[in-house]
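Participant: Sending over a structure as structure tokens; questions will come in a sec.
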Amino acid sequence: MTVHLRWSGDTESLEGNVEAVVATLRRARSVFALTGAGVSVESGVPDFRSAVGLWARYDPFEYATLSNFLASPAKSWEMFRELAAAIEGITPNPAHRALAELESCGRLAAIVTQNIDGLHQAAGSRRVLEIHGEGTRLHCLHCGHFEPFQSAHRRPGPVPACPRCRAALKPNVVLFEEPVRHLEAVSALVRRSDVVLVAGTSARVAPASQIPSEVVARGGSILEFNLEITDLTREGLGSQGALVEGPVGRTLPWIVDRFARGAQP
């Protein structure tokens, strides 16, 4: 780790060499972002892996595998309804908007997200690779039909059925036993990028866990925005890397604002 910044907590500032982080953004050839649950928790989306998260109430290997959904859609829909409730009505927070601003000023090539809530797009980001799918639509595995995941689908009752073929619908998310999405596009980003901005994720779940280390292995660096030091930090952030420690909704907008002001003519 080259630079370590900390959010002071009671003032609108970061403690450390802010300009070193901004300079890494400025001189990078190509930058993309990898985001996780820590970006969306500040919008009120619970971390599914926390002690009180979705997986604490629904064993994912019992409710969230493709084979279990196919065998018992009604059981999986017990969890799907709570999933829908967790993301209904939420709005982007300053971290989402900061990444959209970074893209609009030409510095961010894309966002690779593990989140399924659609908040990056709602904030204005245009190129978002949702590797775990998205929870705002339902999908028919039989005929390919899509439709919005509406409030009515949250209510107890029969499993929502495809209007075309009457097969059980599932949220357009990646269940266990299903492949993650957009891997070719992600690999292309890794090959041409020398900085990955990691926000709100410790990057412990494959294949997302491999993305930052691949950038570093190619001579690039990681700008990490997390609440605390992670295994990602300890394994090395590259020669120009940095950890910006604190709430992502505070630290990321601060850095992006500094970058945007410096980029103005």
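FYI, nothing fancy with the structure tokens labels: chains A, B, ... in order, residues from 1 per chain, ligands from 1 as they appear.
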Could you name the residues that touch region 241-250 of chain A at 9 Å or less, counting only C-alpha atoms, but leaving out those on the same chain fewer than 3 positions away, as a PyMOL selection string?
Facilitator: chain A and resi 1-9+12-14+20-21+24+38-39+42+93-96+98+195+199-200+220-229+233+236-238+253-254
Participant: Find the spatial neighbours of Ser43 (chain A), counting only C-alpha atoms, within a cut-off of 7 Å - ignore same-chain residues fewer than 6 positions away - and output them as a list in words.
Facilitator: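 In the requested format, the answer is Ile90, Thr91, Pro92 and Asn93 of chain A.
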Participant: May I have the residues within 12 Å of Ala109 (chain A) as a PyMOL selection string, using only C-alpha atoms and disregarding those fewer than 4 positions away in the same chain?
Facilitator: chain A and resi 28-34+99-105+125-129+185-186+188-190+192-197
Participant: Among region 16-245 of chain A, which ones does DSSP place in strand (DSSP E), written as an NGL selection string?
Facilitator: :A and (31-35 or 111-113 or 128-130 or 133-140 or 146-148 or 169-173 or 195-199 or 221-226 or 242-245)
Participant: With only C-alpha atoms as the atoms that count, which of A:Asp257, A:Glu19, A:Asp117, A:Glu130 lies nearest to Ala85 (chain A)?
Facilitator: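 Ranked by minimum distance to Ala85 (chain A), first place goes to A:Asp117.
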